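Peer 1: One file is attached below, run16.txt, containing compact mmCIF, C-alpha atoms.
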```
# COMPACT_ATOMS: atom_id res chain seq x y z
CA MET A 1 -22.90 74.33 35.90
CA SER A 2 -20.28 71.73 36.92
CA VAL A 3 -19.19 71.17 33.31
CA LEU A 4 -18.48 74.87 32.67
CA PRO A 5 -14.80 74.75 33.80
CA LEU A 6 -14.17 71.77 31.50
CA VAL A 7 -15.91 73.58 28.65
CA PHE A 8 -13.76 76.67 29.15
CA THR A 9 -10.52 74.66 29.26
CA SER A 10 -11.45 72.64 26.19
CA GLY A 11 -12.23 75.90 24.37
CA TRP A 12 -8.84 77.37 25.25
CA ALA A 13 -7.08 74.18 24.15
CA SER A 14 -9.09 73.97 20.91
CA GLY A 15 -7.86 77.42 19.94
CA ILE A 16 -4.29 76.15 20.23
CA ASN A 17 -4.68 72.67 18.71
CA ALA A 18 -8.24 71.52 18.03
CA TYR A 19 -7.23 68.12 16.68
CA ALA A 20 -5.21 67.31 19.79
CA VAL A 21 -8.22 68.11 21.97
CA VAL A 22 -10.55 65.80 20.03
CA LEU A 23 -7.93 63.05 19.89
CA LEU A 24 -7.05 63.25 23.58
CA PHE A 25 -10.64 63.42 24.81
CA GLY A 26 -11.54 60.50 22.55
CA LEU A 27 -8.65 58.36 23.76
CA LEU A 28 -9.36 59.13 27.41
CA GLY A 29 -12.98 58.10 26.93
CA ALA A 30 -12.32 55.05 24.74
CA THR A 31 -9.76 53.63 27.17
CA GLY A 32 -12.12 54.04 30.12
CA VAL A 33 -9.98 56.58 31.94
CA THR A 34 -12.99 58.87 32.35
CA ASP A 35 -16.75 58.77 31.83
CA GLU A 36 -16.93 62.52 31.11
CA VAL A 37 -16.30 62.10 27.37
CA PRO A 38 -19.34 61.80 25.05
CA ALA A 39 -19.54 58.76 22.76
CA ALA A 40 -19.32 60.91 19.62
CA LEU A 41 -15.68 61.77 20.42
CA GLN A 42 -14.80 58.11 21.04
CA ARG A 43 -15.83 56.82 17.61
CA PRO A 44 -12.95 55.10 15.73
CA ASP A 45 -13.47 57.20 12.58
CA VAL A 46 -13.31 60.42 14.62
CA LEU A 47 -10.13 59.26 16.35
CA ILE A 48 -8.47 58.29 13.06
CA VAL A 49 -9.29 61.59 11.35
CA ALA A 50 -8.24 63.59 14.42
CA GLY A 51 -4.99 61.61 14.64
CA VAL A 52 -4.08 62.19 10.98
CA LEU A 53 -4.88 65.90 11.16
CA PHE A 54 -2.97 66.20 14.42
CA LEU A 55 0.13 64.76 12.72
CA CYS A 56 -0.28 67.23 9.84
CA GLU A 57 -0.53 70.11 12.29
CA ALA A 58 2.44 68.85 14.29
CA VAL A 59 4.59 69.22 11.16
CA ALA A 60 3.13 72.43 9.71
CA ASP A 61 3.15 74.14 13.09
CA LYS A 62 6.95 73.92 13.36
CA ILE A 63 7.85 75.46 9.98
CA PRO A 64 8.26 79.25 9.90
CA TYR A 65 5.57 81.05 7.85
CA VAL A 66 3.90 77.73 7.04
CA ASP A 67 2.55 77.85 10.61
CA SER A 68 1.02 81.27 9.97
CA VAL A 69 -0.66 80.02 6.78
CA TRP A 70 -1.97 77.03 8.74
CA ASP A 71 -3.28 79.37 11.46
CA THR A 72 -5.06 81.49 8.85
CA VAL A 73 -6.82 78.44 7.45
CA HIS A 74 -7.88 77.41 10.96
CA THR A 75 -9.30 80.79 11.99
CA VAL A 76 -12.77 79.31 11.51
CA ILE A 77 -12.00 75.63 12.15
CA ARG A 78 -10.64 76.01 15.69
CA PRO A 79 -13.51 78.12 17.11
CA VAL A 80 -16.08 75.84 15.46
CA SER A 81 -14.32 72.77 16.85
CA GLY A 82 -14.17 74.39 20.29
CA ALA A 83 -17.90 75.10 20.15
CA VAL A 84 -18.77 71.56 19.00
CA VAL A 85 -16.63 69.87 21.66
CA ALA A 86 -18.09 72.15 24.33
CA ALA A 87 -21.65 71.42 23.24
CA LEU A 88 -20.97 67.67 23.25
CA LEU A 89 -19.49 67.87 26.75
CA ALA A 90 -22.49 69.85 27.98
CA GLY A 91 -24.97 67.51 26.34
CA HIS A 92 -23.22 64.51 27.87
CA SER A 93 -23.33 65.93 31.40
CA GLY A 94 -26.72 67.64 31.18
CA SER A 95 -25.59 70.36 33.59
CA LEU A 96 -25.31 73.22 31.08
CA PRO A 97 -27.38 74.11 28.00
CA GLU A 98 -25.57 73.05 24.84
CA VAL A 99 -26.00 76.43 23.14
CA ALA A 100 -24.45 78.25 26.10
CA ALA A 101 -21.61 75.75 26.25
CA GLY A 102 -20.99 76.11 22.53
CA ALA A 103 -20.83 79.89 22.89
CA VAL A 104 -18.33 79.67 25.74
CA GLY A 105 -16.18 77.06 24.02
CA GLY A 106 -16.24 78.78 20.64
CA SER A 107 -15.47 82.28 21.92
CA THR A 108 -12.68 81.02 24.16
CA ALA A 109 -11.22 79.03 21.27
CA LEU A 110 -11.31 82.12 19.06
CA LEU A 111 -9.46 84.21 21.65
CA SER A 112 -6.76 81.60 22.22
CA HIS A 113 -6.43 81.07 18.45
CA LEU A 114 -5.87 84.80 17.91
CA VAL A 115 -3.24 84.79 20.64
CA LYS A 116 -1.48 81.83 19.05
CA ALA A 117 -1.63 83.30 15.54
CA GLY A 118 -0.40 86.69 16.72
CA THR A 119 2.46 85.13 18.64
CA ARG A 120 3.51 83.05 15.63
CA ILE A 121 3.57 86.08 13.34
CA ALA A 122 5.80 87.85 15.83
CA VAL A 123 8.09 84.83 16.26
CA ASN A 124 8.41 84.46 12.48
CA THR A 125 10.28 87.76 12.38
CA SER A 126 13.27 85.96 13.91
CA PRO A 127 15.70 84.50 11.34
CA GLU A 128 16.07 81.06 12.94
CA PRO A 129 13.50 78.21 13.05
CA ALA A 130 14.35 76.98 16.56
CA SER A 131 11.93 79.37 18.26
CA ASN A 132 9.03 78.02 16.16
CA ILE A 133 9.87 74.43 17.07
CA VAL A 134 10.24 75.17 20.78
CA LEU A 135 7.01 77.18 20.87
CA SER A 136 5.09 74.49 18.98
CA LEU A 137 6.31 71.74 21.31
CA ALA A 138 5.39 73.85 24.34
CA GLU A 139 1.89 74.38 22.93
CA ASP A 140 1.41 70.66 22.20
CA LEU A 141 2.58 69.62 25.65
CA GLY A 142 0.55 72.37 27.31
CA VAL A 143 -2.66 71.36 25.54
CA ALA A 144 -2.17 67.66 26.29
CA GLY A 145 -1.28 68.25 29.91
CA LEU A 146 -4.05 70.71 30.66
CA VAL A 147 -6.80 68.71 28.92
CA ALA A 148 -5.82 65.55 30.81
CA PHE A 149 -5.62 67.55 34.04
CA ALA A 150 -9.02 69.14 33.38
CA VAL A 151 -10.73 65.76 33.28
CA PHE A 152 -9.84 65.18 36.95
CA HIS A 153 -9.49 68.78 38.22
CA PRO A 154 -11.71 70.94 35.99
CA VAL A 155 -11.87 74.05 38.17
CA LEU A 156 -8.13 74.30 38.73
CA ALA A 157 -7.48 73.58 35.05
CA ALA A 158 -9.90 76.35 34.05
CA ILE A 159 -8.06 78.80 36.31
CA ILE A 160 -4.75 77.83 34.69
CA ALA A 161 -6.29 78.18 31.21
CA ALA A 162 -7.63 81.64 32.08
CA LEU A 163 -4.22 82.75 33.35
CA LEU A 164 -2.56 81.40 30.21
CA LEU A 165 -5.09 83.22 28.03
CA ILE A 166 -4.58 86.53 29.84
CA GLY A 167 -0.81 86.07 29.78
CA GLY A 168 -0.93 85.23 26.07
CA ILE A 169 -2.90 88.38 25.27
CA ALA A 170 -0.39 90.49 27.23
CA LEU A 171 2.51 88.78 25.45
CA VAL A 172 1.06 89.45 21.99
CA ILE A 173 0.53 93.12 22.83
CA PHE A 174 4.12 93.37 24.11
CA LEU A 175 5.63 91.59 21.10
CA TRP A 176 3.70 93.66 18.58
CA SER A 177 4.68 96.91 20.29
CA ARG A 178 8.33 95.86 20.09
CA ILE A 179 7.97 94.91 16.42
CA ARG A 180 6.31 98.23 15.56
CA ARG A 181 9.13 100.16 17.25
CA TYR A 182 11.72 98.07 15.40
CA LEU A 183 10.02 98.67 12.04
CA ARG A 184 9.80 102.41 12.70
CA ARG A 185 13.49 102.59 13.56
CA ARG A 186 14.38 100.60 10.45
CA ARG A 187 12.33 102.90 8.22
CA GLN A 188 13.99 105.92 9.78
CA ARG A 189 17.47 104.47 9.21
CA ARG A 190 16.65 103.68 5.58
CA GLN A 191 15.31 107.19 5.04
CA GLU A 192 18.42 108.69 6.62
CA LYS A 193 20.63 106.56 4.36
CA ARG A 194 18.68 107.64 1.28
CA LEU A 195 19.01 111.28 2.24
CA ALA A 196 22.73 110.86 2.91
CA SER A 197 23.23 109.10 -0.41
CA ALA A 198 21.34 111.84 -2.24
CA GLY A 199 23.54 114.46 -0.58
CA ASP A 200 26.74 112.62 -1.48
CA THR A 201 25.82 112.19 -5.16
CA GLY A 202 24.46 115.72 -5.66
CA PRO A 203 25.96 118.08 -8.29
CA LEU A 204 29.21 119.79 -7.40
CA PRO A 205 29.05 123.58 -7.06
CA GLY A 206 30.22 125.47 -10.21
```
Just give me the structure of the file as structure tokens.

Peer 2:
Amino acid sequence: MSVLPLVFTSGWASGINAYAVVLLFGLLGATGVTDEVPAALQRPDVLIVAGVLFLCEAVADKIPYVDSVWDTVHTVIRPVSGAVVAALLAGHSGSLPEVAAGAVGGSTALLSHLVKAGTRIAVNTSPEPASNIVLSLAEDLGVAGLVAFAVFHPVLAAIIAALLLIGGIALVIFLWSRIRRYLRRRRQRRQEKRLASAGDTGPLPG
């Protein structure tokens, strides 16, 4: 079961940026930094495709509303990628059945993807684009840092990924509760204005 922490961390990271995970794992393996990366992720064609798609995501992820459309498209892609990477890692190490690893990686990727998508929808309610750019950069750096860290310290990295996942879920719940309260107050104010306007323009008494 030694590969399970790495599988969990790769699943979390895949839900945030699947292409970055494939690209980083592939580069770490191809450059000889680690022997934990399966050969399938080190293939030149895989690295090229992952690199191109990572650049596309790096741009789309920083544009308000475009990022939410991109997230919608990747609702299936990220969990599937997380499951595939996890299965490859398990098959390479031989310490965990590939089906079990795929289930862990895919489900974790789905959870982290939903957290990311929910956070982006909430952030898109702000009128300025700076928050999207800052959040996207933080996600990119977080994924890169934690995946590289997981290669050498898988257990500690998995603990950090679990804390980030739990914190992300709590943040989405908090943000959505604030947004719902704001929308309710705005509807109430609009209704009050309509009622006031109707009273002001009503017929004068005879």

Peer 1: What separation in Å, quoted to one decimal, exists between CA of Phe152 in chain A and CA of Leu23 in chain A?

Peer 2: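 We find that CA of Phe152 in chain A and CA of Leu23 in chain A lie 17.3 Å from each other.
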
Peer 1: Given all atoms listed in the file as the basis, pick out the residue of A:Ile159, A:Ile133, A:Ala144, A:Leu4 nearest to Phe54 in chain A.

Peer 2: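 Ranking A:Ile159, A:Ile133, A:Ala144, A:Leu4 by distance to Phe54 in chain A, first place goes to A:Ala144.
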
Peer 1: Could the centre and edge lengths of an axis-aligned box, enclosing all atoms of range 65-76 of chain A in the file with 8 Å extra on each side, be given in Å to one decimal as JSON?

Peer 2:
```
{"center_x": -3.6, "center_y": 79.3, "center_z": 9.4, "size_x": 34.3, "size_y": 20.5, "size_z": 21.2}
```

Peer 1: Range 84-145 of chain A near range 162-175 of chain A within 9 Å: what's each residue's closest atom pair and its distance in Å to one decimal, counting all atoms listed in the file, ordered by chain then ascending residue number, as a tab-separated table?

Peer 2:
```
residue	atom	partner	partner_atom	distance
A:Thr108	CA	A:Leu165	CA	8.8
A:Leu111	CA	A:Leu165	CA	7.8
A:Ser112	CA	A:Leu165	CA	6.3
A:Leu114	CA	A:Ile169	CA	8.7
A:Val115	CA	A:Ile169	CA	5.9
A:Lys116	CA	A:Gly168	CA	7.8
A:Gly118	CA	A:Val172	CA	6.1
A:Thr119	CA	A:Val172	CA	5.6
A:Ala122	CA	A:Leu175	CA	6.5
A:Val123	CA	A:Leu175	CA	8.7
```

Peer 1: At a cut-off of 7 Å, can you tabulate as JSON lines every residue of range 6-37 of chain A near range 59-78 of chain A together with its closest atom pair and the distance in Å to one decimal, using all atoms listed in the file and ordering rows by chain then number?

Peer 2:
```
{"residue": "A:Ser14", "atom": "CA", "partner": "A:Arg78", "partner_atom": "CA", "distance": 5.8}
{"residue": "A:Gly15", "atom": "CA", "partner": "A:Arg78", "partner_atom": "CA", "distance": 5.3}
{"residue": "A:Ala18", "atom": "CA", "partner": "A:Arg78", "partner_atom": "CA", "distance": 5.6}
```

Peer 1: When distances are computed from only C-alpha atoms, which of A:Leu6, A:Leu41, A:Ala87, A:Leu55 shows the smallest separation from Val151 in chain A?

Peer 2: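 For Val151 in chain A, the nearest of the candidates is A:Leu6.
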
Peer 1: Have a look at CA of Val143 in chain A and CA of Ala13 in chain A and let me know their distance in Å, one decimal.

Peer 2: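 Distance between the two atoms: 5.4 Å.
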
Peer 1: Have a look at A:Arg120, A:Ser81, A:Ser126, A:Ala158 and name the one nearest to Gly102 in chain A; count all atoms listed in the file.

Peer 2: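 Going through A:Arg120, A:Ser81, A:Ser126, A:Ala158 one by one, the smallest distance to Gly102 in chain A is for A:Ser81.
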
Peer 1: Smallest atom-to-atom distance to Ser95 in chain A: which of A:Asp140, A:Glu36, A:Ala30, A:Arg187, using all atoms listed in the file?

Peer 2: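 Selected residue with least distance to Ser95 in chain A: A:Glu36.
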
Peer 1: Please report the interatomic distance between CA of Pro5 in chain A and CA of Asp45 in chain A in Å with one decimal.

Peer 2: 27.6 Å
